[in-house]
Structures are given as structure tokens and as C-alpha cells.
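Some notes on the structure that comes next.
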Amino acid sequence: MKAVIVGGVATGPKVAARLRRLKPDADITIVEQGNVISYGACGIPLYLGSLVPELEELTLTASGQKRDVAFFQGQKDVRVLTNTRAISIDRAAKTVSVRHLLSGEEDTLPYDYLVLATGSRPYVPPLPGAGLSKVFTLHDPDDAEQLKRTVKEEKIRHVTVIGAGLIGIEIADVLAGPRLKVTVCESQNHVLPRLLDPDMAKLLERQMKHRGVDVRLGCKVKALEGDDTGAVGQVLTDQGQIETELVVFAVGVRPAIELAQAAGLTIGETGAIRVNESLQTEDPCIYAGGDCAEQTHVMTGKPVYIPLASTANKQGRIIANNIAGKNEVFPGVAGTSVLQAFDFNIGRTGLSEAEACDLGYKVITGVASGLDAAHFYPMHSSIVLKLIADETSGRLLGAQVCGLGDGIKRLDILVTALKFGTTLVDIGNLDLGYAPPFATPLDVVVHGANALENKRLGLVRGLSAFELQESLRTGEEVLLLDVRKEDEVESNPLAGPQVLHIPLGQLRKRWQEVPAFRRIVTVCEMGIRAYEAACILRGKGLAQVAYLEGGIAVWSAYQEEEQRS
């Protein structure tokens with residue numbers, strides 16, 4: 001059996017390694033147009049920020065072996081042709097024509113099975129000035145090497161990053177510092193628009209501004225202008241002109257589909273190669289996976305394009321299994337995406353609030369703040385968790401995390417819950433591991449699910465920071481009842497037109513000081529005591545009471561925005 005794999009970064013090498021284990025006698029060839037194979041592309045921003053000292057480290061196995069041509073030949077018995085581009089596919093003859101880029105010679109490779117793992121390319125919008133020097137993308141090791149060298153050798157002092165998606169945020173994070181100022185231009189109204197809802201994104205935006213990043217939201221770039229040397233010097237936007245010395249485009253990627261398209265294979269509605277659940281194209285001898293192929297979203301059943309290394313590796317294994325006759329299906333993706341930037345751990349899984357609404361769900365959401373370890377454990381940090389659920393059934397639809405603490409562990413719990421269609425009650429009763437270094441007795445996942453279930457059942461009303469902000473902006477009379485202790489209030493006073501302070505421990509005795517016919521929003525640091533206070537007041541017959549979800553840990557981002565405006 002002859003297997004030819006086009007693409008040697010993630011999916012391709014995984015197919016080759018798995019197929020070799022299943023089919024010891026197979027003839028396996030990887031065709032890669034670059035000169036580096038099987039590297040950890042997600043580590044490229046870490047190299048840019050010098051957290052990874054050498055690019056070569058991204059090509060090493062966990063045991064320190066370099067995954068190069070000799071490694072695949074010697075350890076995997078896989079032939080690898082680097083600096084070689086696949087230029088056409090003859091489906092009838094079952095051959096691939098390739099061009100050796102260093103010599104210009106062409107060759108023909110026969111196959112029984114062909115795997116397209118051609119990946120993606122960074123998208124650069126057709127703006128005037130996009131071809132100027134000192135304008136970069138960050139997609140492969142060469143990009144990283146050139147960008148890092150230019151910043152250092154040219155002593156760059158200002159960088160403009162166009163796009164605040166995953167890569168744009170990571171670039172801004174590793175570059176921003178006392179000697180290098182960064183401006184981020186995002187055309188949408190919040191950062192990470194494909195990852196976070198606006199309310200969660202606001203937490204990251206505040207963190208970025210604290211680190212000195214100039215965040216321009218709703219900012220549409222119109223052109224780049226150069227200086228007398230032909231290097232970029234200005235970014236022209238609908239919000240004005242930005243003086244800069246270097247620009248990085250980070251506005252997403254597009255699947256590399258040209259080879260498949262020329263061979264007559266179907267391109268899906270997402271713009272990526274259409275495959276079935278076995279990852280086959282309509283040609284049963286041709287498979288596609290990784291960044292060039294579209295996926296199916298497990299929550300909607302609809303095709304999506306979410307290019308991730310984790311998906312690419314899982315698909316590589318399944319493609320190899322199917323070539324070997326194991327008949328395995330790829331179940332789809334839940335849209336789980338995570339990153340670490342500006343000291344925050346950030347991620348989402350499932351549907352966003354807007355997506356769930358668009359699909360016709362009666363949506364209910366809740367925001368909860370908590371700690372990733374017991375408060376008395378020396379190393380603990382905060383997590384803000386947002387849950388999105390179906391109000392009718394209580395079924396979890398999506399989740400988002402943001403904060404200094406280990407929110408990614410919680411997200412992994414919640415994507416598992418999504419996979420099996422669990423409800424908020426199910427999540428609230430999960431038997432999660434507890435010890436002070438790892439969690440609180442009621443983990444923030446459990447607390448968040450319980451709080452949202454209480455809200456769903458009408459036991460107490462939760463008010464999001466966004467809803468509170470809108471109420472105050474429209475001039476509605478709202479009394480903020482601060483139930484924190486005196487020392488907390490002194491160190492971080494709550495700003496607002498009308499604030500009443502009664503510590504939670506005194507509220508049962510002093511509840512009559514609270515105006516009975518006013519709209520009351522109870523507030524504390526993380527929302528837990530505020531919830532308790534709202535229950536107390538409702539028990540005393542006060543009807544217009546809600547608690548601030550997530551507490552001041554979330555509300556402070558909104559307060560700072562008001563102060564800036």
C-alpha cells in the first residue's frame with residue numbers, strides 16, 4: 001500500500017506515525033514545501049517573546065529528539081520530501097505531481113491513498129500599503145525569525161497589531177513592555193470576537209490596558225503609509241492616524257485549498273475542503289484533515305472552520321485508522337479554544353450567548369467568580385466563569401473562562417459535560433477532585449452551575465455587570481447595597497450614584513435600613529455574599545432585589561470604562 005501525505009506540520013506527520021504502527025509494510029511519503037517539518041506552530045509566539053529560546057525546540061520530541069527528515073526515516077520508516085511542492089493531482093491515475101523547489105525538477109508519486117494536510121495561510125487584506133517593508137504576519141518559523149530579528153536589530157519602539165483574535169492577542173502580549181509600545185486595532189467592538197462574549201472580553205481589555213497596550217476597538221484600518229525608505233510609518237484608520245514602526249497583520253487564516261480545488265474536490269461552505277465523518281473527500285481514496293478541512297460543530301451539526309493543532313492531530317490519527325481499515329469517525333468539534341495572555345488564562349467551549357440565541361434557544365446566562373484553590377492555600381488566583389444554558393431544560397450550551405487562575409481545567413470539565421448533554425443540575429453534582437492546592441470545596445464550576453440553576457428556577461435574580469451598567473446609563477434609580485466588610489470597602493470603595501454599605505454579618509439586624517420600594521442590587525467582591533444578601537432581603541419581603549453576578553471582580557472593569565469615557 002502506498003500512502004502519500006501532502007503537508008508535514010501537524011496532521012501529516014500524525015497520519016504517517018500512526019499508519020506506520022498499524023501498517024508496518026506500507027510505503028509512506030510526506031511531501032512538505034517548507035524546510036522544517038513537524039514543529040509546534042502554537043509555540044511560535046512563545047519564541048517571539050523569548051519564552052522559547054531557540055526555534056529548534058519547537059521541533060523536538062518530549063525526550064529531546066529532533067523531528068527532522070532523518071528522524072522520520074530512521075525511527076518511523078517514513079520518507080519525507082522537504083522543499084517539495086505538490087502541484088497537481090491526477091485522480092484517475094492516482095498520482096501526485098511534485099516540484100522540488102531547490103532544483104526545479106518535477107516528479108510523479110503514485111498513491112493508493114492520498115492525504116491532504118495542506119494547512120492554512122495567513123490572510124492579509126488588500127489594503128493600500130500592505131506590501132511595504134516591516135509589515136509582517138506570524139504563521140511559520142520563518143515569520144517569527146524575521147519579525148524577532150527586525151524588532152531587535154531595528155530597535156523598534158512601536159508596533160501596531162491589526163486584529164485582536166488569538167494570534168493578535170498573543171503577539172501583543174509577548175511584545176508589549178516598557179521599551180516597546182503596542183497598539184491593537186480590532187474592527188469588532190471587543191477583543192477575541194470569535195472566542196469571548198463582550199462581557200467576558202472586557203476583563204481582558206482592562207488587563208491589556210493595565211499593561212500599557214493601546215486597544216482600539218471598532219477600529220477599521222483603511223491603509224498603511226510608508227516613509228522615504230519604503231518601510232511602514234503610519235496606519236490610517238477610521239479613528240485617526242497611528243504613527244508606527246512595524247505592523248503585524250493578525251486577521252485570521254484561510255485554508256490552503258488550491259490543490260484540492262484544482263483536482264475537482266468539493267470545497268465546503270466554510271471555504272475549507274468538505275469531508276465526511278470519516279474525513280474522506282468525495283474521492284474515497286483522498287482524505288483531508290487539519291487546517292485545510294472543515295469540521296462539524298457538535299452542538300449545531302453545521303459545518304464550521306476552527307483551525308487548531310489539537311483537532312489536526314486527532315484527525316491525523318483517525319485518517320490513519322481509516323486507511324488501515326478501522327472505520328472510525330471524527331465526531332466533530334465543540335469550538336473549544338484556549339490561550340494564555342497578559343497573565344490571564346482564557347477560553348471558551350460550545351456556543352456563545354449570541355450563537356445560542358440565533359439557534360432559537362431560550363437562553364439564560366450566569367457569571368460566577370471564584371478561586372482555583374482554597375483561599376488559605378498560599379498560591380490561589382481568581383477565575384471568572386460564564387455559563388450559557390437553555391432556560392427551558394437547564395442543558396448547558398456553552399462556557400467561557402477568564403482570569404489569573406486555572407480556568408482551563410474547569411473548561412475541560414465543561415466541554416465534557418457538553419459532549420454528553422448534561423444539565424446544570426448534573427454539573428452541580430459532579431464528583432470533582434478537591435484538596436486545597438487544586439480547588440475550593442465547592443469548585444467554581446459547581447458554584448456557577450448552582451447559581452445559574454437558582455436563577456433559572458427564579459429563586460433569586462442575578463444581574464450581570466452589563467445589565468447593571470445599562471440600567472445606570474439610562475438613569476434608572478438603583479441602590480447598590482455593598483455587603484463587604486469595612487476594610488474591603490476602605491481599600492476598594494464602590495463607586496456609584498447611590499451606595500449603601502451594610503456588611504453581610506449585620507444585614508439580618510439592619511435590613512430595615514434598606515429602602516423597601518427601591519430597586520436594590522447587592523454587591524460583594526465575587527458575588528457569593530451578594531447572593532446571600534439578596535436571599536435575606538427577599539425573605540424579608542423586598543421584591544425588587546437582585547445580586548451582581550461575578551461581583552466587583554467583574555464590575556471593576558465596567559467602572560474603569562465609565563471613568564475613561
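Residue names in the C-alpha cells use chain letters A, B, ... in the order shown, residue numbers from 1 in each chain, and ligand numbers from 1 in the order shown.
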
| query | So which residues touch range 180-190 of chain A within 6 Å, counting only C-alpha atoms, skipping near sequence neighbours fewer than 5 positions away, as a ChimeraX atom specification? | reply | /A:157-164,198,213-220

| task | Write out as a ChimeraX atom specification all residues of range 282-451 of chain A that DSSP puts in helix (DSSP H, G or I) for this structure's backbone. | result | /A:290-292,309-323,353-358,407-419,424-428,444-451

| task | Would you please work out which residue, of A:Gly405, A:Ser278, A:Ala546, A:Leu351, is nearest to Lys326 in chain A when using only C-alpha atoms? | result | A:Ser278

| field | All strand (DSSP E or B) positions in range 149-376 of chain A, as a PyMOL selection string | value | chain A and resi 158-162+177+180-186+214-217+221-226+231-237+240-243+246-249+253-255+267+273+280+286-288+293+295-297+303-304+333+337-341+344-350+363-371

Could you build a table of the residues in range 460-497 of chain A lying no more than 10 Å from range 516-525 of chain A, giving for each the nearest pair of atoms and their separation in Å rounded to one decimal place, using only C-alpha atoms, ordered by chain and ascending residue number, as a Markdown table?
```
| residue | atom | partner | partner_atom | distance |
| --- | --- | --- | --- | --- |
| A:Arg461 | CA | A:Val521 | CA | 9.6 |
| A:Gly462 | CA | A:Val521 | CA | 8.9 |
| A:Leu463 | CA | A:Val521 | CA | 7.8 |
| A:Leu468 | CA | A:Val521 | CA | 8.5 |
| A:Glu476 | CA | A:Arg519 | CA | 9.0 |
| A:Glu477 | CA | A:Arg519 | CA | 7.0 |
| A:Val478 | CA | A:Arg519 | CA | 5.3 |
| A:Leu479 | CA | A:Ile520 | CA | 5.0 |
| A:Leu480 | CA | A:Val521 | CA | 5.0 |
| A:Leu481 | CA | A:Thr522 | CA | 4.6 |
| A:Asp482 | CA | A:Val523 | CA | 4.9 |
| A:Val483 | CA | A:Cys524 | CA | 5.7 |
| A:Arg484 | CA | A:Cys524 | CA | 5.4 |
| A:Lys485 | CA | A:Cys524 | CA | 9.0 |
| A:Glu488 | CA | A:Glu525 | CA | 8.5 |
| A:Val489 | CA | A:Cys524 | CA | 9.5 |
| A:Asn492 | CA | A:Glu525 | CA | 9.7 |
| A:Leu494 | CA | A:Val523 | CA | 9.0 |
```

| Distance criterion (only C-alpha atoms): nearest to Gly394 in chain A out of A:Ser352, A:Ser491, A:Thr440, A:Asn450 |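 Comparing A:Ser352, A:Ser491, A:Thr440, A:Asn450 against Gly394 in chain A, the winner is A:Asn450.
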
| field | Residue neighbourhood Arg473 in chain A, 12 Å, only C-alpha atoms, exclusion window fewer than 5 positions, as a ChimeraX atom specification | value | /A:466-468,478,496-497,558-559,562

| Long-range neighbours of Glu54 in chain A as a PyMOL selection string, 12 Å cut-off, only C-alpha atoms, 4 positions minimum in chain | chain A and resi 43-50+58-60+141+144-145+148

Can you write just those residues out, C-alpha atoms, as a compact mmCIF listing (two decimals), in the first residue's frame?
```txt
# COMPACT_ATOMS: atom_id res chain seq x y z
CA GLY A 43 4.78 27.76 20.27
CA ILE A 44 5.82 30.37 17.71
CA PRO A 45 4.51 33.35 19.78
CA LEU A 46 6.46 31.93 22.74
CA TYR A 47 9.63 32.06 20.67
CA LEU A 48 8.83 35.62 19.64
CA GLY A 49 8.59 36.51 23.33
CA SER A 50 11.79 34.56 24.16
CA LEU A 58 9.62 23.53 18.66
CA THR A 59 10.76 20.55 16.57
CA LEU A 60 11.91 18.37 19.47
CA PRO A 141 9.08 29.74 11.91
CA ALA A 144 8.90 34.51 13.66
CA GLU A 145 12.62 34.66 12.92
CA LYS A 148 12.07 38.94 16.05
```

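Taking CA of Ala293 in chain A as the reference point, CA of Arg274 in chain A is found at 6.3 Å.
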